[in-house]
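Participant: Take a look at the following structure, please.
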Amino acid sequence: MRAAPPILALLLAASVFPPPARAEGPGPDEAEQARAHFEAGNGLYKLGKYREAARHFAAGYDLVHLPKFLLNCGQAYRRLNDLPRARESFRRYRDEAPPDDPDLPQVGELIAELDRELAQKLTITDVARPPAEAKAIVVVAPPPAPGPSFAVRHWWIFPVAAVLLAAAAIGIGFAARPAEADCASFSFGCLDARR
């Protein structure tokens, strides 16, 4: 029996045993995509579109796992005033960055500053919101002080109403009297239309 040629043996071994995983890092396509995400995120950050910038920085980090992407995400979240996410991004950067990274002391200060701001917000929120088991206290405001009465505010209505009532009474009185009675009451006399 003849031995298999060495090329055939290599092909057989390659099909049975998968190649080892790459230890050198991301491939050239992933690096280019990460660079594109970095440039897009940086441009959006400069335009003030921090939420979109953070998305691009996170997508770049997912591709190449470079801690600088986390630093950029933290800055974008800080600009959005999303302090918990900013703190988490900075904390992950601190944990993943090499120990000789020159940005580590500044990131430590940022984390401490965010911790103070978060503690202050938590304190303000706790004071403003009563605990769930607390009974609600209903404060009833006193009624407003009474203003001037209707008669004081609208005094002019009463004399006008009196004049109108007097005019109506006089008009009704003249309308209800017979014509002969009118002529007799005047001293200069009336001409009778029947004559």
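Chain labels follow the order of the structure tokens: the first chain is A, the next B, and so on; residue numbering restarts at 1 in every chain, and ligands are counted from 1 in their shown order.
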Between region 52-168 of chain A and region 26-30 of chain A, at 9 Å or less, what are the per-residue closest atom pairs and their distances in Å? Count only C-alpha atoms, order by chain and rising residue number, and return it as a tab-separated table.

Facilitator:
```
residue	atom	partner	partner_atom	distance
A:Gly60	CA	A:Glu30	CA	8.8
A:Leu63	CA	A:Glu30	CA	6.0
A:Val64	CA	A:Pro26	CA	5.9
A:His65	CA	A:Pro26	CA	8.9
```

Participant: Write a file of the selected residues as a short mmCIF file (atom, residue, chain, number, x, y, z; two decimals), in the first residue's frame, keeping C-alpha atoms.

Facilitator:
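Output below, filename selection.cif:
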```
data_model
loop_
_atom_site.label_atom_id
_atom_site.label_comp_id
_atom_site.auth_asym_id
_atom_site.auth_seq_id
_atom_site.Cartn_x
_atom_site.Cartn_y
_atom_site.Cartn_z
CA GLY A 60 -16.85 50.90 16.23
CA LEU A 63 -15.98 45.76 15.79
CA VAL A 64 -12.46 46.27 17.16
CA HIS A 65 -12.78 46.54 20.99
#
```

Participant: Quick one: residues within 7 Å of region 105-117 of chain A, only C-alpha atoms counted, chain neighbours fewer than 4 positions away excluded, as a VMD selection string?

Facilitator: chain A and resid 83 87 90 94 121

Participant: May I ask for the distance between CA of His37 (chain A) and CA of Ala58 (chain A), given in Å to one decimal place?

Facilitator: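 Those two atoms sit 8.6 Å apart.
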
Participant: Please extract the residues of region 45-128 of chain A with a backbone DSSP assignment of helix (DSSP H, G or I) and present them as a PyMOL selection string.

Facilitator: chain A and resi 45-46+50-64+67-79+83-96+104-128

Participant: Which residues are near Tyr93 (chain A)? Cut-off 8 Å, only C-alpha atoms, ignore same chain within fewer than 3 positions. Put them as a list of chain:residue names.

Facilitator: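 The residues satisfying every condition are A:Pro67, A:Lys68, A:Leu70, A:Leu71, A:Ser89, A:Phe90, A:Glu96, A:Ala97.
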
Participant: Within 8 Å of Gly41 (chain A), counting only C-alpha atoms, which residues show up once you throw out same-chain ones fewer than 2 positions away? Write them as a ChimeraX atom specification, please.

Facilitator: /A:37-39,43-45,52-57

Participant: Just how far from CA of Leu47 (chain A) is CA of Arg91 (chain A), in Å to one decimal?

Facilitator: 25.8 Å

Participant: What's the separation between CA of Trp155 (chain A) and CA of Ala169 (chain A), in Å to one decimal place?

Facilitator: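 CA of Ala169 (chain A) lies at a distance of 22.3 Å from CA of Trp155 (chain A).
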
Participant: With only C-alpha atoms as the atoms that count, which of A:Tyr61, A:Ala119, A:Ala76, A:Ala168 lies nearest to Arg92 (chain A)?

Facilitator: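 For Arg92 (chain A), the nearest of the candidates is A:Tyr61.
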